[in-house]
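Listing of target13.cif; format and content: mmCIF, C-alpha atoms.
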```
data_upload
#
loop_
_atom_site.label_atom_id
_atom_site.label_comp_id
_atom_site.auth_asym_id
_atom_site.auth_seq_id
_atom_site.Cartn_x
_atom_site.Cartn_y
_atom_site.Cartn_z
CA MET A 1 -8.93 -20.15 6.40
CA LEU A 2 -10.67 -17.09 5.06
CA THR A 3 -8.57 -17.24 1.92
CA ARG A 4 -9.73 -20.85 1.37
CA ALA A 5 -13.35 -19.91 1.89
CA PHE A 6 -12.92 -17.00 -0.48
CA THR A 7 -11.42 -19.27 -3.15
CA ALA A 8 -14.18 -21.86 -2.73
CA PHE A 9 -16.80 -19.16 -3.01
CA ALA A 10 -15.16 -17.73 -6.11
CA ILE A 11 -15.04 -21.15 -7.80
CA ALA A 12 -18.65 -21.92 -6.87
CA PHE A 13 -19.70 -18.55 -8.13
CA ALA A 14 -17.87 -18.99 -11.42
CA LEU A 15 -19.39 -22.44 -11.92
CA ALA A 16 -22.81 -21.09 -11.16
CA ALA A 17 -22.30 -18.33 -13.65
CA ILE A 18 -21.08 -20.66 -16.39
CA ALA A 19 -23.58 -23.47 -15.80
CA PRO A 20 -26.82 -22.15 -14.38
CA ALA A 21 -29.08 -24.61 -12.63
CA PRO A 22 -32.10 -25.95 -14.54
CA ALA A 23 -35.11 -23.71 -14.35
CA ARG A 24 -38.47 -23.31 -15.96
CA ALA A 25 -38.23 -22.32 -19.60
CA SER A 26 -40.17 -19.17 -18.92
CA ASP A 27 -37.55 -18.12 -16.38
CA PHE A 28 -34.88 -17.83 -19.05
CA ILE A 29 -34.68 -14.76 -21.11
CA ILE A 30 -32.16 -16.29 -23.49
CA ARG A 31 -34.95 -16.89 -26.00
CA TYR A 32 -34.60 -13.50 -27.64
CA GLY A 33 -30.98 -12.98 -26.82
CA ARG A 34 -31.93 -9.66 -25.24
CA VAL A 35 -31.00 -8.03 -22.01
CA PRO A 36 -34.14 -8.06 -19.85
CA ILE A 37 -33.50 -4.59 -18.53
CA GLY A 38 -33.10 -2.00 -21.24
CA TYR A 39 -30.44 0.32 -19.92
CA THR A 40 -27.45 2.26 -21.12
CA ALA A 41 -25.76 2.97 -17.84
CA GLU A 42 -25.63 1.40 -14.42
CA VAL A 43 -24.75 3.33 -11.30
CA GLU A 44 -23.86 1.29 -8.27
CA PRO A 45 -22.96 2.72 -4.87
CA HIS A 46 -21.47 0.02 -2.68
CA LEU A 47 -19.59 -1.00 0.40
CA VAL A 48 -16.16 -2.49 -0.17
CA LEU A 49 -13.95 -4.82 1.83
CA GLY A 50 -10.39 -5.72 1.03
CA SER A 51 -7.28 -7.42 2.30
CA ALA A 52 -3.63 -7.42 1.27
CA PRO A 53 -3.88 -4.28 -0.87
CA PRO A 54 -1.53 -3.70 -3.78
CA GLY A 55 1.49 -1.49 -3.24
CA PRO A 56 3.08 -0.69 0.08
CA GLY A 57 -0.02 -1.03 2.24
CA TYR A 58 -0.81 -3.82 4.64
CA GLY A 59 -3.74 -5.41 6.36
CA SER A 60 -7.46 -5.45 5.81
CA GLY A 61 -9.98 -2.71 5.49
CA ALA A 62 -13.38 -1.43 4.48
CA GLY A 63 -14.80 1.54 2.70
CA LEU A 64 -17.26 3.04 0.28
CA GLY A 65 -17.34 3.38 -3.44
CA ILE A 66 -19.31 3.82 -6.56
CA ARG A 67 -19.18 2.16 -9.94
CA ALA A 68 -20.60 3.44 -13.20
CA SER A 69 -20.87 1.00 -16.10
CA PHE A 70 -21.76 2.10 -19.60
CA VAL A 71 -23.17 -0.41 -22.05
CA VAL A 72 -21.08 -0.52 -25.21
CA ALA A 73 -22.31 -3.77 -26.75
CA PRO A 74 -25.93 -4.60 -25.82
CA GLU A 75 -25.80 -7.80 -27.88
CA GLY A 76 -22.61 -8.95 -26.24
CA PHE A 77 -19.96 -11.16 -27.75
CA ILE A 78 -21.82 -14.44 -28.26
CA ARG A 79 -24.69 -14.77 -30.70
CA GLY A 80 -27.76 -16.45 -29.24
CA VAL A 81 -26.55 -16.00 -25.68
CA ASN A 82 -28.02 -13.28 -23.59
CA ASP A 83 -24.86 -11.39 -22.86
CA SER A 84 -23.87 -7.77 -23.02
CA VAL A 85 -20.73 -5.76 -22.54
CA ALA A 86 -20.16 -2.55 -20.64
CA ILE A 87 -17.19 -0.46 -19.65
CA GLY A 88 -17.04 0.19 -15.93
CA VAL A 89 -15.24 2.96 -14.10
CA GLY A 90 -15.23 3.23 -10.34
CA LEU A 91 -14.00 5.18 -7.37
CA ASP A 92 -13.49 3.26 -4.13
CA TYR A 93 -12.13 4.58 -0.87
CA THR A 94 -10.84 1.92 1.52
CA HIS A 95 -9.22 2.34 4.92
CA TYR A 96 -6.84 -0.50 5.76
CA TYR A 97 -5.53 -1.44 9.19
CA GLY A 98 -2.10 -3.07 9.04
CA ALA A 99 -2.72 -5.01 12.22
CA TYR A 100 -5.62 -6.88 10.64
CA GLY A 101 -3.57 -8.65 8.00
CA PHE A 102 -4.01 -12.38 7.53
CA TYR A 103 -0.32 -12.97 8.05
CA GLY A 104 0.39 -10.53 10.84
CA TYR A 105 2.22 -7.32 10.20
CA ARG A 106 5.52 -5.57 10.25
CA ASP A 107 5.92 -1.89 10.72
CA GLN A 108 7.21 0.04 7.79
CA CYS A 109 9.38 3.05 7.36
CA VAL A 110 7.33 6.02 6.28
CA HIS A 111 10.12 8.57 5.96
CA PHE A 112 13.74 8.30 4.89
CA GLU A 113 16.35 11.02 5.05
CA PRO A 114 19.69 11.02 3.28
CA GLY A 115 22.46 10.15 5.70
CA PRO A 116 26.25 10.46 5.55
CA ASN A 117 28.19 8.41 3.01
CA GLY A 118 25.22 7.87 0.71
CA THR A 119 23.17 6.05 3.28
CA ALA A 120 19.45 6.42 3.83
CA VAL A 121 18.21 6.71 7.37
CA CYS A 122 14.66 5.91 8.34
CA THR A 123 13.31 8.48 10.77
CA ASP A 124 9.66 7.53 11.10
CA VAL A 125 7.86 4.22 11.24
CA THR A 126 4.29 3.01 11.44
CA SER A 127 2.65 1.74 14.61
CA ASN A 128 0.86 -1.61 14.76
CA GLY A 129 1.34 -2.08 11.05
CA GLY A 130 0.08 1.39 10.24
CA THR A 131 -3.09 2.52 8.55
CA TYR A 132 -3.48 3.11 4.84
CA ASN A 133 -6.12 5.06 2.98
CA TYR A 134 -6.43 3.81 -0.56
CA VAL A 135 -8.35 5.36 -3.37
CA PHE A 136 -8.94 2.83 -6.11
CA VAL A 137 -10.01 3.74 -9.60
CA PRO A 138 -10.96 0.49 -11.34
CA VAL A 139 -11.42 0.51 -15.08
CA VAL A 140 -12.89 -2.75 -16.31
CA MET A 141 -14.68 -4.47 -19.12
CA GLN A 142 -17.92 -5.82 -17.70
CA TRP A 143 -19.18 -8.92 -19.47
CA ASN A 144 -22.74 -9.62 -18.38
CA PHE A 145 -24.78 -12.79 -18.65
CA TRP A 146 -28.50 -12.34 -18.13
CA PHE A 147 -29.73 -15.70 -16.92
CA THR A 148 -33.24 -14.96 -15.71
CA ASP A 149 -35.49 -11.98 -15.30
CA ARG A 150 -34.06 -11.51 -11.87
CA PHE A 151 -30.59 -12.94 -11.91
CA SER A 152 -27.52 -11.92 -13.85
CA ALA A 153 -23.80 -12.40 -13.42
CA PHE A 154 -20.73 -10.75 -14.81
CA GLY A 155 -16.99 -10.94 -15.04
CA GLU A 156 -14.84 -7.86 -14.93
CA PRO A 157 -11.22 -8.02 -16.05
CA GLY A 158 -9.39 -4.74 -16.14
CA ALA A 159 -6.95 -2.47 -14.42
CA ASN A 160 -6.94 -0.71 -11.11
CA LEU A 161 -5.31 2.63 -10.54
CA PHE A 162 -4.72 3.25 -6.90
CA PHE A 163 -3.60 6.26 -4.92
CA LEU A 164 -1.87 6.04 -1.57
CA GLY A 165 -0.77 9.32 -0.05
CA ASN A 166 2.90 10.10 -0.56
CA HIS A 167 3.31 6.99 -2.65
CA GLY A 168 1.19 8.60 -5.36
CA PHE A 169 -0.50 6.74 -8.16
CA ASN A 170 0.23 3.19 -9.10
CA ALA A 171 -1.55 0.68 -11.28
CA GLY A 172 -2.29 -2.98 -11.02
CA GLY A 173 -4.55 -5.60 -12.43
CA ALA A 174 -8.17 -6.08 -11.42
CA LEU A 175 -10.43 -9.08 -11.73
CA TYR A 176 -13.93 -9.33 -10.38
CA LEU A 177 -16.83 -11.73 -10.59
CA GLY A 178 -20.22 -10.39 -9.68
CA ALA A 179 -23.91 -11.07 -9.65
CA ARG A 180 -27.11 -9.05 -9.53
CA TYR A 181 -30.53 -9.88 -8.15
CA ARG A 182 -33.37 -7.63 -9.25
CA ILE A 183 -35.42 -6.36 -6.35
CA ALA A 184 -37.47 -3.71 -8.18
CA ASP A 185 -37.84 -2.31 -11.63
CA ARG A 186 -34.35 -1.20 -12.68
CA ILE A 187 -32.92 -1.77 -9.22
CA THR A 188 -30.77 -4.75 -8.29
CA LEU A 189 -28.72 -5.93 -5.38
CA THR A 190 -25.21 -6.35 -6.69
CA GLY A 191 -22.32 -8.31 -5.21
CA ARG A 192 -18.81 -8.45 -6.47
CA ILE A 193 -15.81 -10.53 -5.41
CA GLY A 194 -12.29 -10.21 -6.65
CA TYR A 195 -9.06 -8.39 -6.09
CA PRO A 196 -8.27 -5.96 -4.60
CA THR A 197 -11.72 -5.60 -3.05
CA VAL A 198 -15.06 -7.30 -2.65
CA GLY A 199 -18.19 -5.22 -2.67
CA PHE A 200 -21.90 -5.24 -2.08
CA GLY A 201 -24.26 -2.55 -3.24
CA VAL A 202 -27.35 -1.50 -5.10
CA SER A 203 -27.43 -0.92 -8.84
CA PHE A 204 -29.65 1.60 -10.53
CA MET A 205 -30.18 0.91 -14.23
CA MET A 206 -30.66 4.02 -16.33
CA MET B 1 -26.62 25.09 -37.11
CA PHE B 2 -24.27 26.11 -34.38
CA SER B 3 -25.53 28.81 -32.10
CA PRO B 4 -22.98 30.34 -29.79
CA GLY B 5 -25.39 30.92 -26.89
CA VAL B 6 -23.34 29.65 -24.01
CA VAL B 7 -19.71 28.92 -24.60
CA TYR B 8 -17.90 26.56 -22.31
CA ASP B 9 -14.19 26.92 -22.13
CA ALA B 10 -13.14 23.29 -21.95
CA ALA B 11 -9.58 23.78 -20.82
CA PRO B 12 -10.19 25.63 -17.53
CA MET B 13 -13.09 23.31 -16.74
CA ALA B 14 -10.90 20.25 -17.28
CA LEU B 15 -8.25 21.88 -15.12
CA THR B 16 -10.79 22.59 -12.38
CA ASN B 17 -12.07 19.02 -12.49
CA THR B 18 -8.55 17.66 -12.40
CA PHE B 19 -7.72 19.87 -9.45
CA ALA B 20 -10.88 18.82 -7.62
CA PHE B 21 -10.10 15.18 -8.22
CA ALA B 22 -6.52 15.62 -7.04
CA ALA B 23 -7.76 17.42 -3.94
CA LEU B 24 -10.16 14.57 -3.23
CA LEU B 25 -7.37 12.03 -3.56
CA ALA B 26 -5.06 14.04 -1.34
CA LEU B 27 -7.81 14.26 1.25
CA LEU B 28 -8.60 10.57 1.19
CA GLY B 29 -5.35 8.83 0.39
CA GLY B 30 -2.51 8.48 2.82
CA CYS B 31 -0.73 6.48 5.45
CA GLY B 32 -0.99 6.58 9.22
CA TYR B 33 2.25 7.35 11.01
CA GLY B 34 3.30 6.33 14.47
CA HIS B 35 6.26 5.56 16.66
CA GLY B 36 6.44 1.84 16.20
CA SER B 37 5.14 -1.11 18.12
CA CYS B 38 7.97 -2.29 20.36
CA PRO B 39 7.39 -1.81 24.09
CA ALA B 40 10.18 -0.29 26.14
CA GLY B 41 12.36 -2.82 27.93
CA ALA B 42 11.60 -5.66 25.55
CA LEU B 43 13.92 -7.03 22.89
CA CYS B 44 12.12 -6.75 19.57
CA GLU B 45 13.75 -8.87 16.94
CA CYS B 46 13.00 -8.94 13.26
CA SER B 47 14.49 -11.42 10.81
CA GLU B 48 13.83 -13.06 7.47
CA GLY B 49 11.76 -11.53 4.73
CA THR B 50 12.86 -8.40 2.94
CA ASP B 51 12.04 -5.26 4.91
CA CYS B 52 11.52 -4.52 8.56
CA TYR B 53 11.56 -1.18 10.32
CA GLN B 54 10.84 -1.11 14.00
CA GLY B 55 10.04 1.70 16.34
CA CYS B 56 9.62 2.20 20.03
CA ALA B 57 5.98 2.49 21.00
CA ASP B 58 6.92 4.10 24.31
CA GLY B 59 9.39 6.44 22.72
CA ASP B 60 12.46 5.60 24.80
CA GLY B 61 14.28 2.57 26.14
CA CYS B 62 13.79 -0.06 23.45
CA ASP B 63 16.04 -2.85 22.23
CA LEU B 64 15.58 -3.23 18.48
CA LEU B 65 17.39 -5.93 16.55
CA CYS B 66 17.10 -7.00 12.93
CA HIS B 67 19.12 -9.40 10.88
CA ASN B 68 19.22 -11.66 7.83
CA MET B 69 17.07 -9.60 5.53
CA VAL B 70 17.44 -6.96 2.82
CA HIS B 71 16.52 -3.65 4.42
CA CYS B 72 15.91 -3.00 8.06
CA GLY B 73 16.25 -0.45 10.74
CA GLY B 74 15.10 1.03 13.98
CA VAL B 75 13.75 4.35 15.17
CA CYS B 76 13.89 5.15 18.84
CA GLY B 77 14.10 7.93 21.37
CA ASP B 78 16.63 8.02 24.19
CA ARG B 79 18.47 5.16 25.91
CA CYS B 80 17.94 2.60 23.16
CA ASN B 81 19.96 -0.29 21.83
CA LEU B 82 19.76 -0.72 18.07
CA GLY B 83 21.43 -3.60 16.30
CA CYS B 84 21.50 -5.10 12.88
CA HIS B 85 23.62 -7.58 11.01
CA ASP B 86 23.65 -9.63 7.84
CA VAL B 87 21.44 -7.26 5.88
CA ASN B 88 22.00 -5.10 2.84
CA ASP B 89 21.00 -1.74 4.25
CA CYS B 90 20.75 -0.99 7.92
CA SER B 91 19.29 2.23 9.24
CA SER B 92 19.27 3.59 12.78
CA ALA B 93 17.76 6.75 14.15
CA CYS B 94 18.06 7.38 17.85
CA GLY B 95 18.01 10.09 20.47
CA ASP B 96 20.51 10.52 23.29
CA ASN B 97 22.52 7.86 25.10
CA CYS B 98 22.03 5.18 22.49
CA THR B 99 24.11 2.21 21.45
CA ILE B 100 24.12 1.26 17.78
CA ASP B 101 25.84 -1.91 16.62
CA CYS B 102 25.92 -2.68 12.93
CA HIS B 103 27.99 -5.41 11.34
CA ASN B 104 28.21 -7.52 8.21
CA THR B 105 26.07 -5.26 6.07
CA VAL B 106 26.51 -3.33 2.85
CA SER B 107 25.55 0.03 4.31
CA CYS B 108 24.94 1.25 7.78
CA GLY B 109 23.49 4.73 8.18
CA ALA B 110 22.65 6.33 11.47
CA PHE B 111 21.48 9.52 13.12
CA CYS B 112 21.99 9.67 16.84
CA GLY B 113 21.99 12.24 19.55
CA ALA B 114 24.36 12.99 22.41
CA ASN B 115 26.56 10.34 23.98
CA CYS B 116 26.02 7.89 21.17
CA ASN B 117 28.08 4.73 20.94
CA TYR B 118 28.13 3.70 17.29
CA GLN B 119 30.00 0.64 16.09
CA CYS B 120 30.23 -0.27 12.43
CA THR B 121 32.11 -3.48 11.65
CA SER B 122 32.70 -5.40 8.43
CA VAL B 123 30.58 -3.04 6.37
CA ASP B 124 31.05 -1.47 2.96
CA ARG B 125 29.71 2.01 3.80
CA CYS B 126 29.34 3.40 7.28
CA GLY B 127 27.79 6.82 7.77
CA VAL B 128 26.75 8.43 11.00
CA ARG B 129 25.69 11.86 12.20
CA ALA B 130 26.23 11.91 15.93
CA GLY B 131 25.62 14.34 18.74
CA PRO B 132 28.13 15.66 21.28
CA GLY B 133 29.97 13.21 23.50
CA SER B 134 29.64 10.37 21.00
CA PHE B 135 32.12 7.61 20.37
CA ILE B 136 32.27 6.17 16.88
CA THR B 137 34.10 3.01 15.85
CA CYS B 138 34.59 1.88 12.26
CA THR B 139 36.35 -1.43 11.86
CA SER B 140 37.09 -3.30 8.64
CA VAL B 141 34.98 -1.02 6.50
CA THR B 142 35.50 0.30 2.99
CA THR B 143 34.45 3.87 3.77
CA CYS B 144 33.48 5.53 7.00
CA VAL B 145 31.98 9.02 7.11
CA VAL B 146 31.28 10.65 10.44
CA ASP B 147 29.50 13.98 10.96
CA CYS B 148 30.00 15.10 14.51
CA LEU B 149 27.55 17.69 15.79
CA GLY B 150 29.69 18.40 18.87
CA ASP B 151 32.74 16.99 20.57
CA CYS B 152 33.27 13.39 19.57
CA ARG B 153 35.90 10.72 19.23
CA VAL B 154 36.29 8.38 16.29
CA SER B 155 38.21 5.15 16.07
CA CYS B 156 38.94 3.97 12.55
CA ASN B 157 40.57 0.59 12.16
CA ASP B 158 41.15 -0.77 8.69
CA ALA B 159 38.94 1.92 7.24
CA ASN B 160 40.10 3.91 4.27
CA PRO B 161 39.00 6.59 3.88
CA CYS B 162 37.77 7.60 7.30
CA ASP B 163 36.26 11.06 6.98
CA VAL B 164 35.39 12.96 10.10
CA SER B 165 33.77 16.37 9.98
CA CYS B 166 33.48 18.64 12.98
CA PRO B 167 31.02 21.41 13.83
CA GLY B 168 31.61 24.78 12.20
CA GLY B 169 34.00 23.33 9.67
CA ALA B 170 36.71 22.83 12.30
CA SER B 171 39.39 20.32 11.50
CA PRO B 172 39.42 17.07 13.42
CA ILE B 173 42.51 16.35 15.46
CA SER B 174 44.54 13.17 15.69
CA CYS B 175 44.99 11.92 19.20
CA ALA B 176 47.93 9.98 20.59
CA ASN B 177 45.92 6.83 21.03
CA GLY B 178 45.05 6.70 17.33
CA LEU B 179 41.66 8.26 17.72
CA ILE B 180 40.36 11.14 15.69
CA ALA B 181 38.49 13.74 17.66
CA CYS B 182 36.37 16.82 17.33
CA GLY B 183 37.18 18.94 20.34
CA ALA B 184 39.45 17.56 22.98
CA CYS B 185 41.04 14.11 22.80
#
```
Translate this structure into structure tokens?
Amino acid sequence: MLTRAFTAFAIAFALAAIAPAPARASDFIIRYGRVPIGYTAEVEPHLVLGSAPPGPGYGSGAGLGIRASFVVAPEGFIRGVNDSVAIGVGLDYTHYYGAYGFYGYRDQCVHFEPGPNGTAVCTDVTSNGGTYNYVFVPVVMQWNFWFTDRFSAFGEPGANLFFLGNHGFNAGGALYLGARYRIADRITLTGRIGYPTVGFGVSFMM
Amino acid sequence: MFSPGVVYDAAPMALTNTFAFAALLALLGGCGYGHGSCPAGALCECSEGTDCYQGCADGDGCDLLCHNMVHCGGVCGDRCNLGCHDVNDCSSACGDNCTIDCHNTVSCGAFCGANCNYQCTSVDRCGVRAGPGSFITCTSVTTCVVDCLGDCRVSCNDANPCDVSCPGGASPISCANGLIACGAC
């Protein structure tokens, strides 16, 4: 059910980003093809939520993180459209509870020892699906679309390095869609949905 | 013009930053361990899917069964029944007075304590390390390796080779009833 709602929200969000609703001409800042907030870097502390993490973890969880995005192409990719491109790097810590998975859980072996005759014997297992502390390091290309003075949206394809205790570092794909709403000069509320986490925070444009 | 006022040595600084980052990851990242989720006295069965490893939440006295998957196993304290069949790799770790039944698998590895009753049937590789007073049976297996940590008796039927090792490097003895034993028959 939640997965369906998440998908519907993602589609609605993408449509909204691609085809913004009609607004007064003065609301649009497309006219000069310029980003309304002159900035070179964005720092965004945020809360993160996630489910079904990559790698051996299970369940759902929450945590804290920060994202820094550095503008590399203020004029963006498309001439006449008010877009810009930044490179984003983040650090997110998320604590997952195996028991809170959408599809239930199974305990996992957390320690194997070599047994006789080339066998491997599991000597320790998780309880209630276990708990998993992930550290994500997303590296993404942030493609921004500045729709109005207050509202902007972005897509973030990229990669996600993640660290999970004894399992070490692994890497996977990352894809986010996000939006900002300016609440003060150079400060926006910023939301982001995608995989492996969704997030909500405050951006400071510098 | 370059003025060598303050000179930063990049290499040690990068090393320090790397170390600090690694320390942060080690502090934050990790998995929570436990003893499993099966209550004592209940039969906890796991089937289908790929992996399943069960443990006994109460420590002792669990019945853990898994079958028809790729990897599975059980971890339990004393007085447990562990079973698995029709899997690739079966693993069992148990304390004293346990019964382990493993059949129709590729491998079946086990650690068990004293007075263990281990049966391995129709398996490619059986391997068990068992405590004193244990009784091991390997039937219709390609290889069976038994490490006895005390006196034990081993029955090998249609198992070639059947390797039994005894404590202190002592040689196992062949008993009249076809058993192999560490200690007395």
Which neighbours of B:Gly113 fall inside 9 Å, counting all atoms listed in the file, when residues of the same chain fewer than 2 positions from it are skipped, and could you give them as a PyMOL selection string?
chain B and resi 78+93-98+111+115-116+129-134+149
For atom CA of A:Val140 and atom CA of A:Glu156, the interatomic separation in Å (one decimal):
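The value is 5.6 Å.
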I'd like to know which of B:Cys112, B:Asp58, B:Cys126, B:Thr105 is closest to chain A, using all atoms listed in the file.
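Looking only at the distances to chain A, the closest residue turns out to be B:Cys126.
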What gap, in Å, lies between atom CA of A:Gly57 and atom CA of A:Val135?
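Computing it gives 11.9 Å between the two atoms.
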Output of the PyMOL selection byres ((chain A) within 9 of (chain B)), listed as a ChimeraX atom specification
/A:57,93-95,106-110,114-135,163-168
So what do you get for atom CA of A:Gln142 versus atom CA of A:Tyr96, distance-wise?
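Rounded to one decimal, the two atoms are 26.5 Å apart.
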So which residues touch A:Pro196 within 9 Å, counting only C-alpha atoms, skipping near sequence neighbours fewer than 4 positions away, as a PDB file with C-alpha atoms, in the frame of the given file?
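And here is the file that came out, part02.pdb:
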```pdb
ATOM      1  CA  LEU A  49     -13.950  -4.820   1.830  1.00  0.00           C
ATOM      2  CA  GLY A  50     -10.390  -5.720   1.030  1.00  0.00           C
ATOM      3  CA  SER A  51      -7.280  -7.420   2.300  1.00  0.00           C
ATOM      4  CA  ALA A  52      -3.630  -7.420   1.270  1.00  0.00           C
ATOM      5  CA  PRO A  53      -3.880  -4.280  -0.870  1.00  0.00           C
ATOM      6  CA  PRO A  54      -1.530  -3.700  -3.780  1.00  0.00           C
ATOM      7  CA  PHE A 136      -8.940   2.830  -6.110  1.00  0.00           C
ATOM      8  CA  ASN A 160      -6.940  -0.710 -11.110  1.00  0.00           C
ATOM      9  CA  GLY A 173      -4.550  -5.600 -12.430  1.00  0.00           C
ATOM     10  CA  ALA A 174      -8.170  -6.080 -11.420  1.00  0.00           C
ATOM     11  CA  LEU A 175     -10.430  -9.080 -11.730  1.00  0.00           C
ATOM     12  CA  TYR A 176     -13.930  -9.330 -10.380  1.00  0.00           C
TER      13      TYR A 176
END
```
Applying the PyMOL selection byres ((chain B and resi 121) around 12) to the file I just gave you, which residues come out? Please list them as a PyMOL selection string.
chain B and resi 83-86+100-108+118-120+122-127+136-144+155-159
Can you turn the PyMOL selection byres ((chain A and resi 88) around 7) into a concrete residue list for this file, as a list in words?
Arg67, Ala68, Ser69, Phe70, Ala86, Ile87, Val89, Gly90, Val139, Val140, Met141 and Gln142 of chain A
Exercise: residues within 10 Å of coordinate (-30.9, -9.9, -4.2), counting only C-alpha atoms, as a list in words
Arg150, Phe151, Ala179, Arg180, Tyr181, Arg182, Ile183, Ala184, Ile187, Thr188, Leu189, Thr190, Gly191, Gly201 and Val202 of chain A
Nearest to A:Ala62 by atom-to-atom distance, counting all atoms listed in the file, from A:Val198, A:Val81, A:Ala153, A:Ala99
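Looking only at the distances to A:Ala62, the closest residue turns out to be A:Val198.
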With only C-alpha atoms as the basis for distance, which of A:Asp92, A:Asp83, A:Glu113, A:Glu42 is at the shortest distance from A:Gly65?
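Once distances to A:Gly65 are computed over only C-alpha atoms, the minimum belongs to A:Asp92.
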Would you mind listing what lies within 7 Å of B:Cys182 as a list of chain:residue names, with all atoms listed in the file counted and same-chain residues fewer than 5 positions away left out?
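Listing them by chain and then by number gives B:Asp151, B:Cys152, B:Arg153, B:Cys166, B:Pro172, B:Ile173.
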As a compact mmCIF listing (two decimals) with C-alpha atoms, in the coordinates of the input, please: the residues near B:Cys62 (cut-off 8 Å, all atoms listed in the file, same-chain neighbours under 5 positions excluded).
```txt
# COMPACT_ATOMS: atom_id res chain seq x y z
CA CYS B 38 7.97 -2.29 20.36
CA PRO B 39 7.39 -1.81 24.09
CA ALA B 40 10.18 -0.29 26.14
CA GLY B 41 12.36 -2.82 27.93
CA ALA B 42 11.60 -5.66 25.55
CA LEU B 43 13.92 -7.03 22.89
CA CYS B 44 12.12 -6.75 19.57
CA CYS B 56 9.62 2.20 20.03
CA CYS B 76 13.89 5.15 18.84
CA ARG B 79 18.47 5.16 25.91
CA CYS B 80 17.94 2.60 23.16
CA ASN B 81 19.96 -0.29 21.83
```
Complete the atom set of stretch 140-151 of chain A to N, CA and C atoms and return it as a short mmCIF file (atom, residue, chain, number, x, y, z; two decimals), in the coordinates of the input.
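Below is the file that was written, out.cif:
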```cif
data_model
loop_
_atom_site.label_atom_id
_atom_site.label_comp_id
_atom_site.auth_asym_id
_atom_site.auth_seq_id
_atom_site.Cartn_x
_atom_site.Cartn_y
_atom_site.Cartn_z
N VAL A 140 -12.71 -1.35 -15.94
CA VAL A 140 -12.89 -2.75 -16.31
C VAL A 140 -13.82 -2.90 -17.51
N MET A 141 -13.68 -4.06 -18.13
CA MET A 141 -14.68 -4.47 -19.12
C MET A 141 -15.67 -5.39 -18.39
N GLN A 142 -16.91 -5.03 -18.41
CA GLN A 142 -17.92 -5.82 -17.70
C GLN A 142 -18.68 -6.68 -18.70
N TRP A 143 -18.50 -7.98 -18.57
CA TRP A 143 -19.18 -8.92 -19.47
C TRP A 143 -20.33 -9.55 -18.70
N ASN A 144 -21.53 -9.20 -19.11
CA ASN A 144 -22.74 -9.62 -18.38
C ASN A 144 -23.40 -10.83 -19.03
N PHE A 145 -23.95 -11.67 -18.19
CA PHE A 145 -24.78 -12.79 -18.65
C PHE A 145 -26.11 -12.70 -17.92
N TRP A 146 -27.17 -12.56 -18.71
CA TRP A 146 -28.50 -12.34 -18.13
C TRP A 146 -29.23 -13.67 -18.14
N PHE A 147 -29.23 -14.33 -17.01
CA PHE A 147 -29.73 -15.70 -16.92
C PHE A 147 -31.25 -15.76 -16.79
N THR A 148 -31.79 -14.98 -15.91
CA THR A 148 -33.24 -14.96 -15.71
C THR A 148 -33.70 -13.51 -15.62
N ASP A 149 -34.98 -13.34 -15.46
CA ASP A 149 -35.49 -11.98 -15.30
C ASP A 149 -34.87 -11.29 -14.09
N ARG A 150 -34.54 -12.10 -13.12
CA ARG A 150 -34.06 -11.51 -11.87
C ARG A 150 -32.55 -11.62 -11.66
N PHE A 151 -31.97 -12.64 -12.27
CA PHE A 151 -30.59 -12.94 -11.91
C PHE A 151 -29.66 -12.74 -13.09
#
```
